>>> print(open('entry-v3.tsv').read())   # TSV, C-alpha atoms
chain	number	residue	atom	x	y	z
E	1	MET	CA	-79.00	20.52	35.37
E	2	PRO	CA	-82.81	19.85	35.92
E	3	ASP	CA	-85.27	22.39	34.68
E	4	ILE	CA	-86.88	24.58	37.38
E	5	PHE	CA	-90.19	26.22	36.62
E	6	VAL	CA	-91.87	28.96	38.59
E	7	PHE	CA	-95.63	29.20	38.26
E	8	LEU	CA	-97.41	32.46	39.02
E	9	ARG	CA	-101.19	32.59	39.27
E	10	PRO	CA	-102.12	36.20	39.95
E	11	LEU	CA	-105.75	37.14	39.37
E	12	GLY	CA	-106.55	33.58	38.51
E	13	LEU	CA	-104.61	33.71	35.20
E	14	ARG	CA	-102.19	30.92	34.08
E	15	LEU	CA	-98.81	32.17	32.62
E	16	ALA	CA	-96.26	30.34	30.36
E	17	PRO	CA	-93.17	28.76	32.14
E	18	ILE	CA	-89.99	30.88	32.19
E	19	ALA	CA	-86.55	29.12	32.27
E	20	ILE	CA	-84.80	31.92	34.11
E	21	VAL	CA	-82.55	29.78	36.31
E	22	LYS	CA	-81.51	27.48	33.46
E	23	GLU	CA	-80.44	30.36	31.24
E	24	GLN	CA	-78.33	31.88	33.99
E	25	ALA	CA	-76.53	28.54	34.62
E	26	ALA	CA	-75.73	28.05	30.93
E	27	VAL	CA	-74.31	31.52	30.65
E	28	ALA	CA	-72.19	30.93	33.73
E	29	ASN	CA	-70.64	27.63	32.32
E	30	LEU	CA	-70.04	28.83	28.72
E	31	PRO	CA	-66.19	29.12	29.04
E	32	ALA	CA	-65.98	25.62	30.49
E	33	LEU	CA	-68.20	24.25	27.79
E	34	THR	CA	-66.14	26.01	25.10
E	35	ALA	CA	-62.96	24.55	26.55
E	36	ASP	CA	-64.49	21.07	26.65
E	37	LEU	CA	-65.59	21.42	23.04
E	38	ALA	CA	-62.11	22.49	21.95
E	39	ARG	CA	-60.57	19.57	23.82
E	40	LEU	CA	-62.93	17.08	22.28
E	41	GLN	CA	-62.34	18.53	18.83
E	42	ALA	CA	-58.58	18.24	19.40
E	43	VAL	CA	-58.97	14.61	20.46
E	44	GLN	CA	-61.00	13.99	17.35
E	45	ARG	CA	-58.33	15.57	15.12
E	46	ARG	CA	-55.57	13.62	16.95
E	47	HIS	CA	-57.14	10.33	15.99
E	48	SER	CA	-58.09	11.37	12.47
E	49	GLU	CA	-55.93	11.43	9.32
E	50	PRO	CA	-53.42	12.86	8.60
E	51	THR	CA	-52.71	13.82	12.23
E	52	ASN	CA	-52.94	10.24	13.45
E	53	ALA	CA	-50.22	9.07	11.02
E	54	GLN	CA	-48.01	12.07	11.82
E	55	CYS	CA	-48.22	11.38	15.52
E	56	ALA	CA	-47.37	7.72	14.93
E	57	ASP	CA	-44.31	8.77	12.93
E	58	TYR	CA	-43.24	11.16	15.68
E	59	LEU	CA	-43.50	8.50	18.37
E	60	ALA	CA	-41.54	6.06	16.20
E	61	GLU	CA	-38.79	8.64	15.60
E	62	LYS	CA	-38.63	9.44	19.29
E	63	ALA	CA	-38.21	5.76	20.14
E	64	ALA	CA	-35.52	5.41	17.44
E	65	LYS	CA	-33.68	8.43	18.85
E	66	THR	CA	-33.69	6.85	22.29
E	67	ALA	CA	-32.30	3.62	20.84
E	68	THR	CA	-29.63	5.51	18.86
E	69	GLU	CA	-28.51	7.42	21.92
E	70	THR	CA	-28.18	4.12	23.77
E	71	GLN	CA	-26.04	2.71	20.95
E	72	ARG	CA	-23.97	5.88	20.90
E	73	ARG	CA	-23.23	5.58	24.61
E	74	GLN	CA	-22.22	1.95	24.09
E	75	ALA	CA	-20.02	2.83	21.11
E	76	ARG	CA	-18.39	5.67	23.04
E	77	ALA	CA	-17.63	3.28	25.90
E	78	ALA	CA	-16.10	0.82	23.42
E	79	LEU	CA	-14.01	3.59	21.85
E	80	ASP	CA	-12.79	4.74	25.24
E	81	ASN	CA	-11.77	1.18	26.04
E	82	TYR	CA	-10.07	0.92	22.63
E	83	ARG	CA	-8.10	4.11	23.23
E	84	GLN	CA	-7.06	3.15	26.72
E	85	ASN	CA	-6.01	-0.42	25.94
E	86	VAL	CA	-5.26	-0.81	22.22
E	87	PHE	CA	-3.41	2.37	21.29
E	88	PRO	CA	-0.69	2.01	23.93
E	89	ALA	CA	-0.13	-1.58	22.75
E	90	TYR	CA	0.59	-0.26	19.26
E	91	GLU	CA	3.67	1.57	20.50
E	92	ALA	CA	5.61	-1.64	21.16
E	93	ALA	CA	4.40	-3.32	17.96
E	94	ILE	CA	5.21	-0.33	15.74
E	95	ASN	CA	8.64	0.13	17.28
E	96	ALA	CA	9.38	-3.55	16.69
E	97	TYR	CA	8.65	-3.10	12.98
E	98	LEU	CA	10.66	0.13	12.84
E	99	GLN	CA	13.60	-1.75	14.30
E	100	ARG	CA	13.27	-4.44	11.64
E	101	PHE	CA	13.20	-1.75	8.97
E	102	ASN	CA	16.35	-0.19	10.51
E	103	ALA	CA	14.47	3.11	10.61
E	104	GLY	CA	16.75	5.00	12.99
E	105	PHE	CA	13.81	6.45	14.94
E	106	ARG	CA	11.00	5.20	17.16
E	107	LEU	CA	7.68	6.26	18.65
E	108	ALA	CA	7.14	7.40	22.22
E	109	ALA	CA	4.41	8.84	24.43
E	110	VAL	CA	1.53	7.25	22.52
E	111	SER	CA	-1.65	8.56	24.15
E	112	PRO	CA	-5.37	8.42	23.25
E	113	VAL	CA	-7.30	11.48	22.10
E	114	ASN	CA	-11.04	12.04	22.62
E	115	ASN	CA	-12.70	13.66	19.61
E	116	ARG	CA	-15.90	13.44	17.62
E	117	GLY	CA	-14.07	12.11	14.54
E	118	GLY	CA	-13.43	8.66	16.02
E	119	SER	CA	-10.57	6.85	17.67
E	120	SER	CA	-7.18	8.54	17.37
E	121	CYS	CA	-4.00	9.11	19.30
E	122	ASN	CA	-1.05	11.43	19.67
E	123	TYR	CA	2.56	10.32	19.66
E	124	ASN	CA	6.08	11.68	19.48
E	125	VAL	CA	8.90	10.59	17.17
E	126	VAL	CA	12.23	10.03	18.90
E	127	ILE	CA	15.21	10.79	16.63
E	128	ASN	CA	18.73	10.57	18.07
E	129	ASN	CA	17.21	10.49	21.56
E	130	MET	CA	15.36	13.75	20.87
E	131	SER	CA	11.57	13.73	21.08
E	132	VAL	CA	9.82	15.45	18.17
E	133	ALA	CA	6.09	16.28	18.37
E	134	LEU	CA	3.66	15.13	15.74
E	135	THR	CA	2.67	18.73	15.03
E	136	ALA	CA	4.18	22.02	16.12
E	137	ASP	CA	3.60	25.68	15.29
E	138	ALA	CA	7.35	26.25	15.09
E	139	GLY	CA	10.50	24.17	15.33
E	140	PRO	CA	10.97	20.44	14.75
E	141	ALA	CA	7.87	18.45	13.87
E	142	PHE	CA	6.94	15.22	12.17
E	143	ARG	CA	6.75	16.69	8.67
E	144	ASN	CA	10.03	18.62	8.72
E	145	THR	CA	12.22	16.03	10.45
E	146	LEU	CA	11.40	12.78	8.65
E	147	SER	CA	12.18	12.24	4.98
E	148	ALA	CA	9.55	10.94	2.59
E	149	GLY	CA	11.17	7.52	2.82
E	150	ASP	CA	11.06	7.59	6.63
E	151	ARG	CA	7.40	8.59	6.60
E	152	ASN	CA	6.66	5.77	4.20
E	153	THR	CA	8.47	3.36	6.52
E	154	LEU	CA	6.47	4.62	9.50
E	155	ALA	CA	3.25	4.11	7.54
E	156	LEU	CA	4.28	0.52	6.75
E	157	ALA	CA	5.07	-0.10	10.42
E	158	PHE	CA	1.62	1.25	11.39
E	159	PHE	CA	0.03	-0.95	8.72
E	160	PHE	CA	1.74	-4.19	9.76
E	161	ALA	CA	1.14	-3.46	13.46
E	162	SER	CA	-2.58	-2.91	12.81
E	163	LEU	CA	-2.77	-6.23	10.98
E	164	ASP	CA	-1.24	-7.96	13.97
E	165	GLN	CA	-4.12	-6.68	16.11
E	166	ASP	CA	-6.86	-7.98	13.77
E	167	PRO	CA	-8.50	-11.14	15.22
E	168	GLN	CA	-10.05	-11.90	11.80
E	169	LEU	CA	-6.76	-11.56	9.91
E	170	ALA	CA	-6.83	-15.11	8.55
E	171	GLN	CA	-10.01	-14.28	6.60
E	172	LYS	CA	-8.78	-10.98	5.16
E	173	ILE	CA	-7.57	-10.07	1.67
E	174	VAL	CA	-4.74	-7.55	2.10
E	175	VAL	CA	-4.00	-5.03	-0.70
E	176	ILE	CA	-0.67	-3.18	-0.53
E	177	ASP	CA	-0.34	-0.32	-3.02
E	178	ASP	CA	3.16	0.73	-4.11
E	179	PRO	CA	5.00	0.22	-0.80
E	180	MET	CA	8.42	1.08	-2.26
E	181	THR	CA	9.92	4.35	-3.50
E	182	SER	CA	13.46	5.17	-4.54
E	183	LEU	CA	14.05	6.39	-0.98
E	184	ASP	CA	13.16	2.98	0.46
E	185	GLU	CA	15.51	0.80	-1.61
E	186	HIS	CA	17.69	0.00	1.40
E	187	ARG	CA	14.59	-1.42	3.13
E	188	SER	CA	13.26	-3.41	0.19
E	189	LEU	CA	14.52	-6.78	1.45
E	190	THR	CA	12.93	-6.29	4.89
E	191	THR	CA	9.66	-5.22	3.26
E	192	VAL	CA	9.71	-8.32	1.05
E	193	GLN	CA	10.38	-10.53	4.08
E	194	GLU	CA	7.46	-9.01	6.01
E	195	MET	CA	5.14	-9.52	3.05
E	196	ARG	CA	6.23	-13.14	2.70
E	197	ARG	CA	5.52	-13.64	6.40
E	198	LEU	CA	2.11	-12.03	5.93
E	199	VAL	CA	1.14	-14.38	3.09
E	200	ALA	CA	0.97	-17.33	5.47
E	201	ARG	CA	-1.33	-15.44	7.86
E	202	VAL	CA	-4.04	-14.08	5.55
E	203	ARG	CA	-6.35	-15.35	2.85
E	204	GLN	CA	-4.66	-13.46	0.03
E	205	VAL	CA	-2.11	-10.69	-0.53
E	206	ILE	CA	-2.26	-8.35	-3.53
E	207	VAL	CA	0.77	-6.11	-4.11
E	208	LEU	CA	0.71	-3.23	-6.61
E	209	SER	CA	3.96	-1.50	-7.53
E	210	HIS	CA	5.79	0.38	-10.29
E	211	SER	CA	9.12	-1.13	-9.17
E	212	LYS	CA	9.90	-4.23	-11.19
E	213	PRO	CA	13.04	-5.08	-9.14
E	214	PHE	CA	10.97	-5.05	-5.95
E	215	LEU	CA	8.23	-7.21	-7.46
E	216	CYS	CA	10.85	-9.60	-8.83
E	217	GLN	CA	12.25	-10.02	-5.32
E	218	LEU	CA	8.79	-10.77	-4.00
E	219	TRP	CA	8.04	-13.15	-6.86
E	220	GLU	CA	11.23	-15.21	-6.56
E	221	GLY	CA	10.51	-16.16	-2.95
E	222	ALA	CA	6.79	-16.84	-3.36
E	223	ASP	CA	5.15	-20.25	-3.53
E	224	THR	CA	5.20	-21.22	-7.20
E	225	THR	CA	1.81	-22.94	-6.87
E	226	ALA	CA	0.07	-19.92	-5.34
E	227	ARG	CA	1.59	-16.90	-7.05
E	228	GLN	CA	0.20	-15.03	-10.05
E	229	ALA	CA	1.56	-11.96	-11.84
E	230	ILE	CA	-0.55	-9.50	-13.81
E	231	LEU	CA	0.63	-6.54	-15.86
E	232	ILE	CA	-1.49	-3.40	-16.16
E	233	ARG	CA	-0.75	-2.03	-19.63
E	234	ARG	CA	-1.84	1.38	-20.91
E	235	ASP	CA	-4.33	1.03	-23.75
E	236	ALA	CA	-5.31	4.31	-25.46
E	237	VAL	CA	-7.23	6.26	-22.80
E	238	GLY	CA	-7.67	3.21	-20.57
E	239	SER	CA	-5.72	0.14	-19.52
E	240	THR	CA	-5.84	-3.62	-19.92
E	241	LEU	CA	-4.73	-6.57	-17.81
E	242	ALA	CA	-2.30	-9.14	-19.18
E	243	THR	CA	-0.20	-11.99	-17.85
E	244	TRP	CA	3.24	-10.73	-16.82
E	245	ASP	CA	6.28	-12.87	-17.65
E	246	VAL	CA	8.14	-12.07	-14.45
E	247	ASN	CA	11.04	-14.41	-15.16
E	248	GLN	CA	11.87	-12.48	-18.30
E	249	ASP	CA	12.01	-9.20	-16.38
E	250	CYS	CA	13.82	-10.67	-13.38
E	251	ILE	CA	16.90	-11.85	-15.26
E	252	THR	CA	19.74	-9.35	-15.62
E	253	GLU	CA	21.13	-8.01	-18.85
E	254	HIS	CA	24.22	-10.15	-18.25
E	255	ASP	CA	21.98	-13.23	-18.04
E	256	ARG	CA	20.29	-12.25	-21.29
E	257	ARG	CA	23.64	-11.94	-23.07
E	258	HIS	CA	24.74	-15.33	-21.78
E	259	ALA	CA	21.46	-16.87	-22.94
E	260	LEU	CA	21.80	-15.19	-26.34
E	261	VAL	CA	25.32	-16.52	-26.94
E	262	ALA	CA	24.48	-19.98	-25.59
E	263	ALA	CA	21.43	-20.18	-27.86
E	264	TYR	CA	23.59	-19.20	-30.85
E	265	LEU	CA	26.01	-22.03	-30.06
E	266	GLU	CA	23.11	-24.46	-29.93
E	267	ALA	CA	21.64	-23.34	-33.25
E	268	ALA	CA	23.36	-20.57	-35.19
E	269	ASP	CA	20.78	-17.96	-36.24
E	270	PRO	CA	22.00	-15.40	-38.80
E	271	ALA	CA	19.44	-12.93	-37.47
E	272	THR	CA	21.20	-12.75	-34.09
E	273	GLU	CA	24.83	-12.83	-35.24
E	274	ARG	CA	25.57	-9.13	-34.74
E	275	ARG	CA	23.91	-9.07	-31.35
E	276	VAL	CA	25.94	-12.12	-30.32
E	277	ALA	CA	29.19	-10.53	-31.47
E	278	ALA	CA	28.41	-7.29	-29.60
E	279	ALA	CA	27.62	-9.24	-26.42
E	280	LEU	CA	31.03	-10.92	-26.11
E	281	ARG	CA	32.92	-7.93	-24.69
E	282	HIS	CA	30.10	-7.19	-22.22
E	283	ILE	CA	30.22	-10.79	-20.98
E	284	LEU	CA	33.97	-10.54	-20.35
E	285	GLU	CA	33.59	-7.21	-18.52
E	286	ALA	CA	30.78	-8.51	-16.31
E	287	PHE	CA	32.86	-11.57	-15.40
E	288	MET	CA	35.85	-9.44	-14.42
E	289	ARG	CA	33.66	-7.17	-12.31
E	290	VAL	CA	32.45	-10.15	-10.28
E	291	ALA	CA	35.73	-12.09	-10.16
E	292	TYR	CA	37.99	-9.10	-9.41
E	293	PRO	CA	35.81	-6.34	-7.88
E	294	ASN	CA	38.74	-4.40	-6.40
E	295	ALA	CA	40.86	-4.39	-9.55
E	296	PHE	CA	37.94	-4.01	-11.98
E	297	PRO	CA	35.42	-1.54	-10.49
E	298	PRO	CA	32.55	-0.13	-12.61
E	299	GLY	CA	33.84	2.00	-15.46
E	300	THR	CA	37.10	0.04	-15.87
E	301	LEU	CA	38.09	-1.05	-19.40
E	302	LEU	CA	39.52	-4.44	-20.27
E	303	GLY	CA	42.63	-3.00	-21.99
E	304	PRO	CA	44.02	-1.23	-18.89
E	305	PHE	CA	42.97	-4.19	-16.76
E	306	ILE	CA	45.05	-6.55	-18.90
E	307	GLY	CA	48.00	-4.20	-18.36
E	308	ILE	CA	47.56	-4.42	-14.57
E	309	CYS	CA	47.36	-8.23	-14.79
E	310	GLN	CA	50.54	-8.33	-16.86
E	311	GLN	CA	52.43	-6.24	-14.27
E	312	ARG	CA	51.40	-8.55	-11.42
E	313	VAL	CA	52.32	-11.86	-13.03
E	314	GLY	CA	54.43	-13.83	-10.58
E	315	GLN	CA	53.72	-11.36	-7.76
E	316	PRO	CA	51.85	-12.11	-4.51
E	317	ASN	CA	48.97	-9.97	-5.78
E	318	GLN	CA	48.74	-11.74	-9.16
E	319	LEU	CA	45.33	-11.66	-10.80
E	320	LEU	CA	45.66	-13.82	-13.94
E	321	ASN	CA	48.43	-16.14	-15.01
E	322	GLN	CA	50.16	-15.60	-18.31
E	323	ALA	CA	48.07	-18.15	-20.21
E	324	ASP	CA	44.82	-16.50	-19.07
E	325	ILE	CA	46.18	-13.06	-19.95
E	326	ASP	CA	47.04	-14.22	-23.46
E	327	GLU	CA	43.58	-15.78	-23.87
E	328	LEU	CA	41.83	-12.66	-22.62
E	329	ARG	CA	43.87	-10.50	-24.96
E	330	ALA	CA	42.92	-12.67	-27.94
E	331	LEU	CA	39.22	-12.65	-27.00
E	332	LEU	CA	39.24	-8.89	-26.54
E	333	ALA	CA	40.89	-8.37	-29.93
E	334	TYR	CA	37.99	-10.16	-31.59
E	335	ALA	CA	35.25	-8.59	-29.45
E	336	ASN	CA	36.57	-5.05	-30.04
E	337	ARG	CA	35.72	-5.35	-33.72
E	338	PHE	CA	32.04	-5.14	-32.74
E	339	HIS	CA	32.17	-2.42	-30.08
E	340	HIS	CA	31.66	1.30	-30.72
E	341	ASP	CA	34.57	2.34	-28.45
E	342	THR	CA	37.14	0.52	-30.54
E	343	ASN	CA	35.69	0.36	-34.05
E	344	ALA	CA	33.79	3.20	-35.65
E	345	ALA	CA	32.43	0.79	-38.24
E	346	TYR	CA	31.33	-1.79	-35.67
E	347	GLU	CA	27.80	-1.92	-37.07
E	348	THR	CA	29.01	-3.01	-40.50
E	349	ALA	CA	32.03	-5.14	-39.54
E	350	ALA	CA	31.94	-8.43	-41.43
E	351	ILE	CA	30.94	-11.49	-39.43
E	352	ASN	CA	31.99	-15.03	-40.26
E	353	ASP	CA	29.65	-17.49	-38.64
E	354	GLN	CA	32.34	-20.11	-37.99
E	355	GLU	CA	34.66	-17.54	-36.47
E	356	LEU	CA	31.84	-16.13	-34.33
E	357	THR	CA	30.93	-19.61	-33.11
E	358	HIS	CA	34.57	-20.30	-32.24
E	359	PHE	CA	35.07	-17.11	-30.22
E	360	SER	CA	31.65	-17.33	-28.59
E	361	ALA	CA	32.52	-20.76	-27.19
E	362	ARG	CA	35.89	-19.47	-25.94
E	363	VAL	CA	34.30	-16.43	-24.24
E	364	LEU	CA	31.76	-18.54	-22.38
E	365	ALA	CA	34.48	-21.01	-21.37
E	366	PHE	CA	36.67	-18.17	-20.07
E	367	ALA	CA	33.77	-16.66	-18.07
E	368	LYS	CA	33.21	-20.02	-16.35
E	369	ARG	CA	36.71	-20.18	-14.95
E	370	GLY	CA	37.20	-19.83	-11.23
>>> encode(input="entry-v3.tsv", output="structure tokens")
Amino acid sequence: MPDIFVFLRPLGLRLAPIAIVKEQAAVANLPALTADLARLQAVQRRHSEPTNAQCADYLAEKAAKTATETQRRQARAALDNYRQNVFPAYEAAINAYLQRFNAGFRLAAVSPVNNRGGSSCNYNVVINNMSVALTADAGPAFRNTLSAGDRNTLALAFFFASLDQDPQLAQKIVVIDDPMTSLDEHRSLTTVQEMRRLVARVRQVIVLSHSKPFLCQLWEGADTTARQAILIRRDAVGSTLATWDVNQDCITEHDRRHALVAAYLEAADPATERRVAAALRHILEAFMRVAYPNAFPPGTLLGPFIGICQQRVGQPNQLLNQADIDELRALLAYANRFHHDTNAAYETAAINDQELTHFSARVLAFAKRG
């Protein structure tokens, strides 16, 4: 605002200028000037440290939040599509596996569920044409209608069905941890078959189990050039890895006895004589159990069995002819000398190596007869 001066010249005297108007204008605009000063000071602080850096961080976080929300909306749309299209497809795949496992139940009413925890679905278990809910406050439900073995089978069906849906399956390493329990023994062969089928579709399959019979089944059908067996052995407070001789664990006790006696015939070893002598009766019993399962069920003794054979000689239901009965009786008489049921001193009974060799050869020859 320009300065305005008023000059007064009374009585011929000159007076000093008085800035009356200017002072009144400044007083009138003081609030506006104060506000302008505060604004300018705020602008100065905004572009000075540390406020400038803090504002930059805030703007960056705000932009990141916007980007995250966009990604969240896209992910939610993908999940919704997954629920609507993928989950229902699982129903047919899972039921196909349950049928292979001879499970006796199936899934029904598979439907998607929207929740903040991720993709999920609800389903019912159909047992004897009765639908059982996954959860229920009272009455039949998943946990109180399926046995532990059935639940394990359902989990395997879910697992194999999910693998079928993986477009990158050929590049995956699949680890299966202890798939068998004592309740699943009647499904062991199907499980082995599914794992063998899986081997050809993935990069590698690793199976962990406490069941040697199950692992032996899996091992015997695997490609000999691509399989490897490792034993985890307890070592003090820890454990160590070692090569596992699967073939040694896969053979039966009957096979071991045969191998023991055959090895003795090849090269008589005094250290194994008593074990060879004790094995002869077991070899004869195992042969009879396979050759005559109806007449020689588990728990049957050779003595009573010989009596049954003797009664049937010449009958339509004959088991052994007279010559075979006589041979079996002679072999049993020798083998009983080294068995605890028939000789209390079996552990100290004298063994003649020539006699043992003679009867060992006769026992193996008898067990090879048709």
>>> atom_distance(input="entry-v3.tsv", atom1="atom CA of E:Ala133", atom2="atom CA of E:Tyr97")
20.3 Å
>>> closest_residue(input="entry-v3.tsv", among="E:Ala349, E:Leu154, E:Ala96, E:Leu215", to="E:Asp177", atoms="all atoms listed in the file")
E:Leu215
>>> residues_around(input="entry-v3.tsv", residues="E:Gly307", least_positions_apart="3", cutoff="12 Å", atoms="only C-alpha atoms", output="list in words")
Ala295, Phe296, Thr300, Leu301, Leu302, Gly303, Pro304, Gln310, Gln311, Arg312, Val313, Gln318, Leu319, Leu320, Gln322, Ile325, Asp326, Leu328 and Arg329 of chain E
>>> write_last_selection(input="entry-v3.tsv", atoms="C-alpha atoms", output="PDB file, keeping the file's coordinate frame")
ATOM      1  CA  ALA E 295      40.860  -4.390  -9.550  1.00  0.00           C
ATOM      2  CA  PHE E 296      37.940  -4.010 -11.980  1.00  0.00           C
ATOM      3  CA  THR E 300      37.100   0.040 -15.870  1.00  0.00           C
ATOM      4  CA  LEU E 301      38.090  -1.050 -19.400  1.00  0.00           C
ATOM      5  CA  LEU E 302      39.520  -4.440 -20.270  1.00  0.00           C
ATOM      6  CA  GLY E 303      42.630  -3.000 -21.990  1.00  0.00           C
ATOM      7  CA  PRO E 304      44.020  -1.230 -18.890  1.00  0.00           C
ATOM      8  CA  GLN E 310      50.540  -8.330 -16.860  1.00  0.00           C
ATOM      9  CA  GLN E 311      52.430  -6.240 -14.270  1.00  0.00           C
ATOM     10  CA  ARG E 312      51.400  -8.550 -11.420  1.00  0.00           C
ATOM     11  CA  VAL E 313      52.320 -11.860 -13.030  1.00  0.00           C
ATOM     12  CA  GLN E 318      48.740 -11.740  -9.160  1.00  0.00           C
ATOM     13  CA  LEU E 319      45.330 -11.660 -10.800  1.00  0.00           C
ATOM     14  CA  LEU E 320      45.660 -13.820 -13.940  1.00  0.00           C
ATOM     15  CA  GLN E 322      50.160 -15.600 -18.310  1.00  0.00           C
ATOM     16  CA  ILE E 325      46.180 -13.060 -19.950  1.00  0.00           C
ATOM     17  CA  ASP E 326      47.040 -14.220 -23.460  1.00  0.00           C
ATOM     18  CA  LEU E 328      41.830 -12.660 -22.620  1.00  0.00           C
ATOM     19  CA  ARG E 329      43.870 -10.500 -24.960  1.00  0.00           C
TER      20      ARG E 329
END
>>> atom_distance(input="entry-v3.tsv", atom1="atom CA of E:Val192", atom2="atom CA of E:Pro179")
9.9 Å
>>> atom_distance(input="entry-v3.tsv", atom1="atom CA of E:Gln193", atom2="atom CA of E:Ala229")
18.3 Å
>>> closest_residue(input="entry-v3.tsv", among="E:Ser188, E:Ser360, E:Ser239, E:Gln315", to="E:Leu265", atoms="only C-alpha atoms")
E:Ser360
>>> residues_around(input="entry-v3.tsv", residues="E:Ile127", least_positions_apart="2", cutoff="6 Å", atoms="all atoms listed in the file", output="list in words")
Phe105, Asn129 and Met130 of chain E
>>> residues_around(input="entry-v3.tsv", residues="E:Glu327", least_positions_apart="6", cutoff="12 Å", atoms="only C-alpha atoms", output="PyMOL selection string")
chain E and resi 284+306+320-321+333-334+359+362-363+365-367
>>> closest_residue(input="entry-v3.tsv", among="E:Ala279, E:Ala271, E:Leu33, E:Val202", to="E:Arg256", atoms="only C-alpha atoms")
E:Ala279
>>> residues_around(input="entry-v3.tsv", residues="E:Arg281", least_positions_apart="5", cutoff="9 Å", atoms="all atoms listed in the file", output="ChimeraX atom specification")
/E:286,302,331-332,334-336,338-339,363
>>> closest_residue(input="entry-v3.tsv", among="E:Val43, E:Ala155, E:Val207, E:Leu37", to="E:Asn95", atoms="only C-alpha atoms")
E:Ala155
>>> closest_residue(input="entry-v3.tsv", among="E:Ala35, E:Ala242, E:Leu156, E:Lys62", to="E:Ile230", atoms="all atoms listed in the file")
E:Ala242
>>> decode(input="entry-v3.tsv", residues="stretch 281-320 of chain E", atoms="C-alpha atoms", output="PDB file, in the first residue's frame")
ATOM      1  CA  ARG E 281      11.141-129.311   9.781  1.00  0.00           C
ATOM      2  CA  HIS E 282      10.119-125.712   9.043  1.00  0.00           C
ATOM      3  CA  ILE E 283      10.844-126.249   5.333  1.00  0.00           C
ATOM      4  CA  LEU E 284       8.623-129.337   5.260  1.00  0.00           C
ATOM      5  CA  GLU E 285       5.794-127.535   7.087  1.00  0.00           C
ATOM      6  CA  ALA E 286       5.947-124.528   4.762  1.00  0.00           C
ATOM      7  CA  PHE E 287       5.812-126.818   1.722  1.00  0.00           C
ATOM      8  CA  MET E 288       2.753-128.650   3.026  1.00  0.00           C
ATOM      9  CA  ARG E 289       0.997-125.370   3.785  1.00  0.00           C
ATOM     10  CA  VAL E 290       1.405-124.267   0.166  1.00  0.00           C
ATOM     11  CA  ALA E 291       0.821-127.657  -1.488  1.00  0.00           C
ATOM     12  CA  TYR E 292      -2.159-128.698   0.661  1.00  0.00           C
ATOM     13  CA  PRO E 293      -3.709-125.516   2.139  1.00  0.00           C
ATOM     14  CA  ASN E 294      -7.043-127.160   3.016  1.00  0.00           C
ATOM     15  CA  ALA E 295      -5.554-130.199   4.747  1.00  0.00           C
ATOM     16  CA  PHE E 296      -2.618-128.340   6.331  1.00  0.00           C
ATOM     17  CA  PRO E 297      -3.848-124.935   7.578  1.00  0.00           C
ATOM     18  CA  PRO E 298      -1.661-122.768   9.871  1.00  0.00           C
ATOM     19  CA  GLY E 299      -1.068-124.436  13.211  1.00  0.00           C
ATOM     20  CA  THR E 300      -1.220-127.996  11.823  1.00  0.00           C
ATOM     21  CA  LEU E 301       1.573-130.418  12.814  1.00  0.00           C
ATOM     22  CA  LEU E 302       3.240-132.835  10.440  1.00  0.00           C
ATOM     23  CA  GLY E 303       2.522-135.911  12.618  1.00  0.00           C
ATOM     24  CA  PRO E 304      -1.294-135.623  12.466  1.00  0.00           C
ATOM     25  CA  PHE E 305      -1.054-134.632   8.808  1.00  0.00           C
ATOM     26  CA  ILE E 306       0.817-137.849   7.996  1.00  0.00           C
ATOM     27  CA  GLY E 307      -1.998-139.746   9.738  1.00  0.00           C
ATOM     28  CA  ILE E 308      -4.596-138.043   7.505  1.00  0.00           C
ATOM     29  CA  CYS E 309      -2.517-138.863   4.415  1.00  0.00           C
ATOM     30  CA  GLN E 310      -2.267-142.499   5.477  1.00  0.00           C
ATOM     31  CA  GLN E 311      -6.059-142.770   5.875  1.00  0.00           C
ATOM     32  CA  ARG E 312      -6.680-141.379   2.383  1.00  0.00           C
ATOM     33  CA  VAL E 313      -4.264-143.588   0.473  1.00  0.00           C
ATOM     34  CA  GLY E 314      -6.110-145.093  -2.480  1.00  0.00           C
ATOM     35  CA  GLN E 315      -9.135-142.837  -1.913  1.00  0.00           C
ATOM     36  CA  PRO E 316     -10.448-140.170  -4.322  1.00  0.00           C
ATOM     37  CA  ASN E 317      -9.263-137.511  -1.872  1.00  0.00           C
ATOM     38  CA  GLN E 318      -5.731-138.946  -1.559  1.00  0.00           C
ATOM     39  CA  LEU E 319      -3.047-136.440  -0.650  1.00  0.00           C
ATOM     40  CA  LEU E 320       0.244-138.377  -0.790  1.00  0.00           C
TER      41      LEU E 320
END
